[in-house]
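What follows is a set of notes on a single structure, which appears directly below.
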Amino acid sequence: MSPIREAIGLPVLFLTTALLGGFRLAEDVRLVPPSLTALILAVLLLGVLIRAGGVSTSALLHGDRTPAENMSGAIVLATLFAATSQALNLLIPDIGLLHAVFAIFIFCQLLTIGAARTDRIGSLRSVVVLFGSLFVLRFILLEALYSTSGSTLNRVLRTLLSGATLGGITYQPNAPATGYVAFFTLALYVAGLLLLPGDRASPLVPRRFDRAAAMTRSTLLIVLGALTASAACRKTDRAGSTSHATPAAPAFVTSDQREAALRSARVWQEPAIPIAKAKLKANPDGPGALKRDEVVECKLVIKPMRGTTPKFDCERPGHDVIRVKYGRGNPELHAEIAATRLLSALGFGADRMFVVQRVRCAGCPAFPFQALKCFAETGLQVPCFVGGVDYSTTTDFDFVSVERRLEGRRIESVADQGWAFHEIDRIDERAGGSPKAHVDALKLLAVFLAHWDNKAENQRLLCLPGGDRPDGSCSRPFAILQDVGASFGPNKLDLHNWRNRPVWSDARRCRVTMKDLPWNGATFPDQAISEGGRAFLLSLLAQLSTSQVEDLYDGSRVELSEGITAESRQPAAWAAAFADKVRQIREAGPCS
């Protein structure tokens, strides 16, 4: 093997494979590190290849080679391991039951290949067949089955799989570009395996020297290189953390001020419109209200975006910045409209969500969210917005919702602090906060909605207008649910699962749980709801009529959702499930 191939060609090829193996393009662009499963399987795969002669360690590390040559061989093996783990990570679904099924399948196949005692060509041929089979399963069959633009038959098959496995099989489809990159990545990896020396190679430069001394020097050099690389990685990580850290906002408060605001926070206030008269089908009223048939014209705001829902900020005349969420087939658009309107109508805090006919965005590319996500990850505008941002051209988005945040200053001592559900028990009526009945009612309503994505940044602690004090403290703190798009599920606007999931884990003792939902309940611990909380929420929900609840789902356009069955696109079916959950609250208790 030539020095250039070993010292440059193979490491570059394997490092490229490792980088591309982490590439995922779905609603955003991600670089996924290898999972623990992939690392373990990579060790097994390399062991099988070494045993069969597919990878020869003696050709890269040997006493006949100089320390520099052995260091070169060690780098080849290290990059080979990285490429192997990422190639396997690329072929295994990232999460869920499918991740385990694929991993077990690969494990069994590798044991079979190892037991077959094949030669180098046979082992490499077996690996190619295994990788090819997995590629077809994941990037052709699974991607076609779970495609968001799939047919009714696709949705029916997905429902059958979900039902047969009790919701265990889930899969997040990728953009078609991911499949092309995966094919190229696997081709590179196989090419690298073929370019590896298959038997014991001679030194790159023939010479005579002391073998024992050479191996000792090689070992010391490899260890020194590993320690240097580790230190460099730590330094790079620290530098990266600094460069991407969110700058401290001047409006941040001290920890003590934030704690005082939380203790005195309210979670409910008398709604401006009586609950029985709330119009839940129409867009919300108030400053900046938008009409359902309005075409909203605005200019793209170049701002890093995170999360999973496609969205972007857009500026209207007068420095009026709105948040636009878009995408047909996105269940969060329907769920968030319904959840925020219900919360506001009952007197709990929520942002205002508007349905409009169209958003016409100046400067938007066809996929603005992906471009803004790229900008968030890299900080580079030109590569992320191909051709640059051209405000003289517009892009129309027809299936959208527009968000206006509830007015008020964030009360945070660090960025995106929000509040967790295990914190709001610190709200104290004696300090001016809401009574326990109101706090428990909010908790029970979160369970009612199946608000499982309740990480702290998805709730917000606000200082309502008129409550600011000169020292940064607040006389009118208000705790609200901010991002409620992952509601009515657990799989986001999923009528079947939402209807079948009981409100109570123990109705007699009024206990609730979210442990059966994604993220194992996140920040919501198992707990008992007080009788005051149950009765208070019931008194609010009981004021809603059946027609109002149907209007709630009609206004959120469930008829346009990507529901599997026709029933899930009918507001009346959702209203019936809603009424059944109210019945469960009514018939529980009395709570201790």
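Residue numbers start at 1 in each chain; chains themselves are named A, B, ... in the order of the structure tokens; ligands are numbered from 1 in the order shown.
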Discussion item. Quick check for you: according to DSSP on this backbone, which residues of range 355-418 of chain A are classed as strand (DSSP E)? Reply as a list in words.
Written reply: Val355, Arg358, Val359, Arg360, Cys361, Ala362, Thr394, Thr395, Asp396, Phe397, Val400, Ser401, Val402, Glu403, Arg404, Arg409 and Arg410 of chain A
Got time to write the residues from that selection, all heavy atoms, as a short mmCIF file (atom, residue, chain, number, x, y, z; two decimals), in the first residue's frame?
```cif
data_model
loop_
_atom_site.label_atom_id
_atom_site.label_comp_id
_atom_site.auth_asym_id
_atom_site.auth_seq_id
_atom_site.Cartn_x
_atom_site.Cartn_y
_atom_site.Cartn_z
N VAL A 355 -55.82 31.87 12.24
CA VAL A 355 -55.90 31.20 10.94
C VAL A 355 -56.05 32.28 9.88
O VAL A 355 -56.92 33.15 10.00
CB VAL A 355 -57.10 30.24 10.89
CG1 VAL A 355 -57.24 29.64 9.49
CG2 VAL A 355 -56.94 29.14 11.92
N ARG A 358 -53.43 33.17 3.75
CA ARG A 358 -52.11 33.00 3.14
C ARG A 358 -51.13 33.97 3.79
O ARG A 358 -51.51 35.05 4.24
CB ARG A 358 -52.19 33.27 1.63
CG ARG A 358 -50.88 33.14 0.85
CD ARG A 358 -51.11 33.36 -0.64
NE ARG A 358 -52.03 32.37 -1.18
CZ ARG A 358 -53.22 32.66 -1.69
NH1 ARG A 358 -53.64 33.92 -1.72
NH2 ARG A 358 -54.00 31.70 -2.17
N VAL A 359 -49.87 33.58 3.83
CA VAL A 359 -48.79 34.50 4.22
C VAL A 359 -47.88 34.66 3.01
O VAL A 359 -47.40 33.67 2.44
CB VAL A 359 -48.00 33.97 5.43
CG1 VAL A 359 -46.73 34.78 5.64
CG2 VAL A 359 -48.85 34.00 6.69
N ARG A 360 -47.66 35.90 2.63
CA ARG A 360 -46.77 36.21 1.49
C ARG A 360 -45.50 36.82 2.07
O ARG A 360 -45.49 37.95 2.58
CB ARG A 360 -47.47 37.17 0.53
CG ARG A 360 -46.66 37.55 -0.69
CD ARG A 360 -47.57 38.15 -1.75
NE ARG A 360 -48.51 37.15 -2.25
CZ ARG A 360 -49.74 37.44 -2.69
NH1 ARG A 360 -50.18 38.68 -2.68
NH2 ARG A 360 -50.52 36.47 -3.14
N CYS A 361 -44.43 36.06 2.01
CA CYS A 361 -43.19 36.43 2.70
C CYS A 361 -42.14 36.92 1.72
O CYS A 361 -41.73 36.18 0.80
CB CYS A 361 -42.67 35.22 3.48
SG CYS A 361 -41.05 35.48 4.22
N ALA A 362 -41.68 38.13 1.90
CA ALA A 362 -40.59 38.67 1.09
C ALA A 362 -39.25 38.17 1.65
O ALA A 362 -39.00 38.30 2.84
CB ALA A 362 -40.64 40.19 1.10
N THR A 394 -41.02 37.14 -3.44
CA THR A 394 -41.90 36.67 -2.37
C THR A 394 -42.22 35.19 -2.57
O THR A 394 -42.19 34.67 -3.68
CB THR A 394 -43.21 37.47 -2.33
OG1 THR A 394 -43.91 37.30 -3.57
CG2 THR A 394 -42.94 38.94 -2.09
N THR A 395 -42.54 34.54 -1.46
CA THR A 395 -42.98 33.14 -1.46
C THR A 395 -44.28 33.07 -0.68
O THR A 395 -44.38 33.63 0.42
CB THR A 395 -41.93 32.23 -0.82
OG1 THR A 395 -40.70 32.35 -1.53
CG2 THR A 395 -42.39 30.77 -0.86
N ASP A 396 -45.27 32.38 -1.26
CA ASP A 396 -46.57 32.24 -0.59
C ASP A 396 -46.62 30.94 0.20
O ASP A 396 -46.18 29.89 -0.27
CB ASP A 396 -47.70 32.25 -1.62
CG ASP A 396 -47.99 33.65 -2.15
OD1 ASP A 396 -47.33 34.60 -1.70
OD2 ASP A 396 -48.88 33.79 -3.02
N PHE A 397 -47.20 31.03 1.40
CA PHE A 397 -47.44 29.86 2.25
C PHE A 397 -48.93 29.82 2.53
O PHE A 397 -49.48 30.71 3.18
CB PHE A 397 -46.64 29.97 3.55
CG PHE A 397 -45.15 30.00 3.34
CD1 PHE A 397 -44.49 31.21 3.13
CD2 PHE A 397 -44.41 28.83 3.32
CE1 PHE A 397 -43.11 31.24 2.93
CE2 PHE A 397 -43.04 28.85 3.11
CZ PHE A 397 -42.39 30.06 2.91
N VAL A 400 -51.13 27.83 6.91
CA VAL A 400 -50.34 28.48 7.95
C VAL A 400 -51.21 28.79 9.16
O VAL A 400 -52.44 28.78 9.10
CB VAL A 400 -49.72 29.81 7.45
CG1 VAL A 400 -48.73 29.57 6.33
CG2 VAL A 400 -50.82 30.77 6.99
N SER A 401 -50.53 29.07 10.26
CA SER A 401 -51.14 29.74 11.42
C SER A 401 -50.17 30.82 11.86
O SER A 401 -48.96 30.69 11.68
CB SER A 401 -51.41 28.75 12.56
OG SER A 401 -50.20 28.22 13.06
N VAL A 402 -50.71 31.89 12.41
CA VAL A 402 -49.89 33.03 12.84
C VAL A 402 -50.01 33.17 14.35
O VAL A 402 -51.11 33.15 14.90
CB VAL A 402 -50.35 34.32 12.14
CG1 VAL A 402 -49.60 35.52 12.69
CG2 VAL A 402 -50.14 34.21 10.64
N GLU A 403 -48.88 33.30 14.99
CA GLU A 403 -48.84 33.38 16.45
C GLU A 403 -48.47 34.79 16.90
O GLU A 403 -47.53 35.40 16.39
CB GLU A 403 -47.81 32.39 16.99
CG GLU A 403 -47.59 32.46 18.50
CD GLU A 403 -46.46 31.55 18.94
OE1 GLU A 403 -46.72 30.35 19.12
OE2 GLU A 403 -45.32 32.04 19.09
N ARG A 404 -49.24 35.28 17.86
CA ARG A 404 -48.88 36.52 18.56
C ARG A 404 -48.73 36.19 20.03
O ARG A 404 -49.65 35.65 20.65
CB ARG A 404 -49.96 37.59 18.37
CG ARG A 404 -49.98 38.21 16.99
CD ARG A 404 -50.85 39.47 16.98
NE ARG A 404 -50.93 40.08 15.67
CZ ARG A 404 -50.01 40.91 15.17
NH1 ARG A 404 -48.93 41.20 15.90
NH2 ARG A 404 -50.15 41.43 13.98
N ARG A 409 -43.41 40.92 29.81
CA ARG A 409 -41.97 40.70 29.85
C ARG A 409 -41.67 39.33 30.47
O ARG A 409 -42.24 38.95 31.49
CB ARG A 409 -41.30 41.81 30.70
CG ARG A 409 -39.83 41.56 31.00
CD ARG A 409 -39.22 42.73 31.78
NE ARG A 409 -39.87 42.95 33.06
CZ ARG A 409 -39.51 42.34 34.20
NH1 ARG A 409 -38.51 41.46 34.20
NH2 ARG A 409 -40.14 42.62 35.33
N ARG A 410 -40.75 38.61 29.82
CA ARG A 410 -40.31 37.33 30.38
C ARG A 410 -39.58 37.57 31.70
O ARG A 410 -38.74 38.46 31.79
CB ARG A 410 -39.36 36.61 29.42
CG ARG A 410 -40.01 36.05 28.17
CD ARG A 410 -38.92 35.51 27.27
NE ARG A 410 -39.44 34.92 26.05
CZ ARG A 410 -39.69 33.62 25.87
NH1 ARG A 410 -39.45 32.79 26.86
NH2 ARG A 410 -40.17 33.16 24.73
#
```
Which residues of range 417-440 of chain A sit at most 12 Å from range 533-553 of chain A, using only C-alpha atoms? Give each one's shortest atom pair and distance in Å (one decimal place), in chain and ascending residue order, as a Markdown table.
```
| residue | atom | partner | partner_atom | distance |
| --- | --- | --- | --- | --- |
| A:Ser434 | CA | A:Gly533 | CA | 11.5 |
| A:Pro435 | CA | A:Gly533 | CA | 9.3 |
| A:Lys436 | CA | A:Gly533 | CA | 7.1 |
| A:Ala437 | CA | A:Gly533 | CA | 4.0 |
| A:His438 | CA | A:Gly533 | CA | 6.0 |
| A:Val439 | CA | A:Gly533 | CA | 7.1 |
| A:Asp440 | CA | A:Gly533 | CA | 4.6 |
```
With N, CA, C and O atoms kept, could you save the residues just selected as a PDB file, in the first residue's frame?
```pdb
ATOM      1  N   SER A 434     -51.597  32.429  43.082  1.00  0.00           N
ATOM      2  CA  SER A 434     -52.887  31.758  42.935  1.00  0.00           C
ATOM      3  C   SER A 434     -53.104  30.759  44.055  1.00  0.00           C
ATOM      4  O   SER A 434     -52.149  30.175  44.583  1.00  0.00           O
ATOM      5  N   PRO A 435     -54.364  30.527  44.430  1.00  0.00           N
ATOM      6  CA  PRO A 435     -54.652  29.474  45.418  1.00  0.00           C
ATOM      7  C   PRO A 435     -54.344  28.103  44.837  1.00  0.00           C
ATOM      8  O   PRO A 435     -54.266  27.923  43.614  1.00  0.00           O
ATOM      9  N   LYS A 436     -54.171  27.139  45.709  1.00  0.00           N
ATOM     10  CA  LYS A 436     -53.816  25.784  45.277  1.00  0.00           C
ATOM     11  C   LYS A 436     -54.853  25.204  44.320  1.00  0.00           C
ATOM     12  O   LYS A 436     -54.508  24.476  43.392  1.00  0.00           O
ATOM     13  N   ALA A 437     -56.114  25.553  44.500  1.00  0.00           N
ATOM     14  CA  ALA A 437     -57.155  25.037  43.606  1.00  0.00           C
ATOM     15  C   ALA A 437     -56.900  25.448  42.170  1.00  0.00           C
ATOM     16  O   ALA A 437     -57.095  24.663  41.236  1.00  0.00           O
ATOM     17  N   HIS A 438     -56.440  26.674  41.940  1.00  0.00           N
ATOM     18  CA  HIS A 438     -56.165  27.141  40.595  1.00  0.00           C
ATOM     19  C   HIS A 438     -54.935  26.445  40.007  1.00  0.00           C
ATOM     20  O   HIS A 438     -54.914  26.095  38.821  1.00  0.00           O
ATOM     21  N   VAL A 439     -53.899  26.278  40.832  1.00  0.00           N
ATOM     22  CA  VAL A 439     -52.693  25.600  40.375  1.00  0.00           C
ATOM     23  C   VAL A 439     -52.995  24.151  39.999  1.00  0.00           C
ATOM     24  O   VAL A 439     -52.572  23.650  38.951  1.00  0.00           O
ATOM     25  N   ASP A 440     -53.752  23.468  40.858  1.00  0.00           N
ATOM     26  CA  ASP A 440     -54.105  22.082  40.570  1.00  0.00           C
ATOM     27  C   ASP A 440     -55.012  21.977  39.347  1.00  0.00           C
ATOM     28  O   ASP A 440     -54.951  21.002  38.586  1.00  0.00           O
TER      29      ASP A 440
END
```
So that I can see what lies close to Pro465 in chain A, please list as a CSV table (one decimal) with N, CA and C atoms, in the first residue's frame the residues with an atom at most 8 Å from it, counting only C-alpha atoms and leaving out residues fewer than 5 positions away in the same chain.
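Okay, this is what ended up in part_38.csv:
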```
chain,number,residue,atom,x,y,z
A,407,GLU,N,-48.8,39.4,25.6
A,407,GLU,CA,-48.0,40.6,26.0
A,407,GLU,C,-47.5,40.5,27.4
A,408,GLY,N,-46.2,40.8,27.5
A,408,GLY,CA,-45.6,40.8,28.9
A,408,GLY,C,-44.1,40.5,28.8
A,409,ARG,N,-43.4,40.9,29.8
A,409,ARG,CA,-42.0,40.7,29.9
A,409,ARG,C,-41.7,39.3,30.5
A,476,ARG,N,-47.1,41.7,38.9
A,476,ARG,CA,-48.1,41.0,38.3
A,476,ARG,C,-47.6,39.8,37.5
```
Fill in: Shell of 8 Å around Ala182 in chain A, only C-alpha atoms, local chain residues under 4 positions omitted, as number ranges by chain
A: 20-21, 90, 178, 186
Discussion item. Using only C-alpha atoms, which protein or nucleic acid residues come within 9 Å of Arg509 in chain A? Drop anything in the same chain fewer than 3 positions from it, and give the result as a list in words.
Written reply: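 Once the adjacent positions are removed, what remains is Trp504, Ser505, Asp506, Ala528, Ile529, Ala588, Gly589, Pro590, Cys591 and Ser592 of chain A.
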Emit the selected residues as a PDB file, in the first residue's frame, including C-alpha atoms.
```
ATOM      1  CA  TRP A 504     -56.900   9.687  35.915  1.00  0.00           C
ATOM      2  CA  SER A 505     -54.380   6.986  36.720  1.00  0.00           C
ATOM      3  CA  ASP A 506     -56.477   6.397  39.875  1.00  0.00           C
ATOM      4  CA  ALA A 528     -52.708  13.795  43.333  1.00  0.00           C
ATOM      5  CA  ILE A 529     -55.069  16.612  42.398  1.00  0.00           C
ATOM      6  CA  ALA A 588     -63.903  11.185  40.072  1.00  0.00           C
ATOM      7  CA  GLY A 589     -63.308  11.784  43.740  1.00  0.00           C
ATOM      8  CA  PRO A 590     -64.205  13.388  45.945  1.00  0.00           C
ATOM      9  CA  CYS A 591     -60.471  14.007  46.162  1.00  0.00           C
ATOM     10  CA  SER A 592     -58.745  13.977  49.522  1.00  0.00           C
TER      11      SER A 592
END
```
Discussion item. Taking 2 positions as the minimum chain separation for residues in the same chain, which residues sit within 7 Å of range 50-58 of chain A when counting only C-alpha atoms? Answer as a ChimeraX atom specification.
Written reply: /A:46-48,60-62,117-120,123-124,196-200
Discussion item. I want to know what sits within 8 Å of Ser72 in chain A, based on only C-alpha atoms, with residues of the same chain fewer than 3 positions away left out; could you give that as JSON, numbers by chain?
Written reply: {"A": [6, 7, 60, 68, 69, 75, 76]}
Worksheet item: By how many Å are CA of Phe184 in chain A and CA of Pro310 in chain A apart?
Response: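 Rounded to one decimal, the two atoms are 27.5 Å apart.
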Worksheet item: Hey, which of A:Ile302, A:Val12, A:Cys374, A:Ile322 ends up closest to Asp390 in chain A? Count only C-alpha atoms.
Response: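 Distance minimum relative to Asp390 in chain A lands on A:Ile302.
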Worksheet item: Looking at A:Gln459, A:Ser264, A:Asn491, A:Asn497, which one is nearest to Arg430 in chain A, with distances taken over only C-alpha atoms?
Response: A:Ser264
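Atom to atom, CA of Gly132 in chain A and CA of Ala87 in chain A stand 11.7 Å apart.
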Item to complete: Between A:Ala431, A:Leu380, A:Val447, A:Met514, single out the one closest to Lys581 in chain A, counting only C-alpha atoms.
Response: A:Val447
Fill in: In range 91-123 of chain A, DSSP alpha helix (DSSP H) residues written as a PyMOL selection string
chain A and resi 91+96-115+120-123
Take the residues that were just selected and, keeping N, CA and C atoms, output them as a short mmCIF file (atom, residue, chain, number, x, y, z; two decimals), in the first residue's frame.
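File written: part_35.cif
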```
data_model
loop_
_atom_site.label_atom_id
_atom_site.label_comp_id
_atom_site.auth_asym_id
_atom_site.auth_seq_id
_atom_site.Cartn_x
_atom_site.Cartn_y
_atom_site.Cartn_z
N LEU A 91 -28.03 3.36 9.25
CA LEU A 91 -28.95 2.31 8.81
C LEU A 91 -29.98 1.94 9.87
N GLY A 96 -37.11 4.38 19.26
CA GLY A 96 -38.30 3.55 19.26
C GLY A 96 -38.03 2.07 19.08
N LEU A 97 -39.12 1.35 18.88
CA LEU A 97 -39.06 -0.09 18.73
C LEU A 97 -38.29 -0.50 17.49
N LEU A 98 -38.40 0.27 16.41
CA LEU A 98 -37.67 -0.05 15.18
C LEU A 98 -36.17 -0.01 15.41
N HIS A 99 -35.71 0.89 16.27
CA HIS A 99 -34.28 0.95 16.60
C HIS A 99 -33.82 -0.38 17.19
N ALA A 100 -34.60 -0.92 18.12
CA ALA A 100 -34.24 -2.20 18.74
C ALA A 100 -34.33 -3.35 17.75
N VAL A 101 -35.37 -3.35 16.91
CA VAL A 101 -35.55 -4.44 15.94
C VAL A 101 -34.39 -4.48 14.95
N PHE A 102 -34.02 -3.33 14.40
CA PHE A 102 -32.90 -3.28 13.45
C PHE A 102 -31.60 -3.70 14.13
N ALA A 103 -31.39 -3.24 15.37
CA ALA A 103 -30.15 -3.58 16.08
C ALA A 103 -30.04 -5.09 16.32
N ILE A 104 -31.15 -5.71 16.73
CA ILE A 104 -31.13 -7.16 16.96
C ILE A 104 -30.89 -7.91 15.65
N PHE A 105 -31.50 -7.44 14.58
CA PHE A 105 -31.30 -8.07 13.27
C PHE A 105 -29.83 -8.01 12.85
N ILE A 106 -29.22 -6.84 13.01
CA ILE A 106 -27.80 -6.69 12.64
C ILE A 106 -26.93 -7.57 13.52
N PHE A 107 -27.22 -7.59 14.81
CA PHE A 107 -26.44 -8.41 15.74
C PHE A 107 -26.46 -9.88 15.34
N CYS A 108 -27.66 -10.39 15.02
CA CYS A 108 -27.78 -11.80 14.62
C CYS A 108 -27.06 -12.07 13.31
N GLN A 109 -27.18 -11.15 12.36
CA GLN A 109 -26.51 -11.34 11.07
C GLN A 109 -24.99 -11.33 11.21
N LEU A 110 -24.48 -10.45 12.07
CA LEU A 110 -23.03 -10.41 12.27
C LEU A 110 -22.53 -11.69 12.93
N LEU A 111 -23.28 -12.22 13.88
CA LEU A 111 -22.90 -13.49 14.48
C LEU A 111 -22.89 -14.60 13.43
N THR A 112 -23.87 -14.57 12.55
CA THR A 112 -23.93 -15.58 11.48
C THR A 112 -22.74 -15.47 10.55
N ILE A 113 -22.39 -14.23 10.17
CA ILE A 113 -21.23 -14.03 9.29
C ILE A 113 -19.95 -14.49 9.98
N GLY A 114 -19.83 -14.18 11.28
CA GLY A 114 -18.64 -14.59 12.00
C GLY A 114 -18.52 -16.09 12.14
N ALA A 115 -19.65 -16.77 12.30
CA ALA A 115 -19.62 -18.23 12.46
C ALA A 115 -19.38 -18.96 11.14
N ARG A 120 -11.63 -13.29 3.21
CA ARG A 120 -11.77 -11.83 3.14
C ARG A 120 -12.86 -11.43 2.15
N ILE A 121 -12.85 -11.97 0.95
CA ILE A 121 -13.82 -11.60 -0.07
C ILE A 121 -15.23 -11.99 0.38
N GLY A 122 -15.35 -13.17 0.97
CA GLY A 122 -16.66 -13.61 1.42
C GLY A 122 -17.23 -12.73 2.52
N SER A 123 -16.39 -12.32 3.47
CA SER A 123 -16.87 -11.46 4.56
C SER A 123 -17.28 -10.09 4.05
#
```
Discussion item. Counting only C-alpha atoms, which residue out of A:Ala18, A:Ile4, A:Leu262, A:Val253 sits closest to Gly432 in chain A?
Written reply: A:Leu262
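Nearest-residue note for Phe81 in chain A: choosing from A:Tyr180, A:Leu193, A:Lys455, A:Ser2, the minimum distance belongs to A:Leu193, counting only C-alpha atoms.
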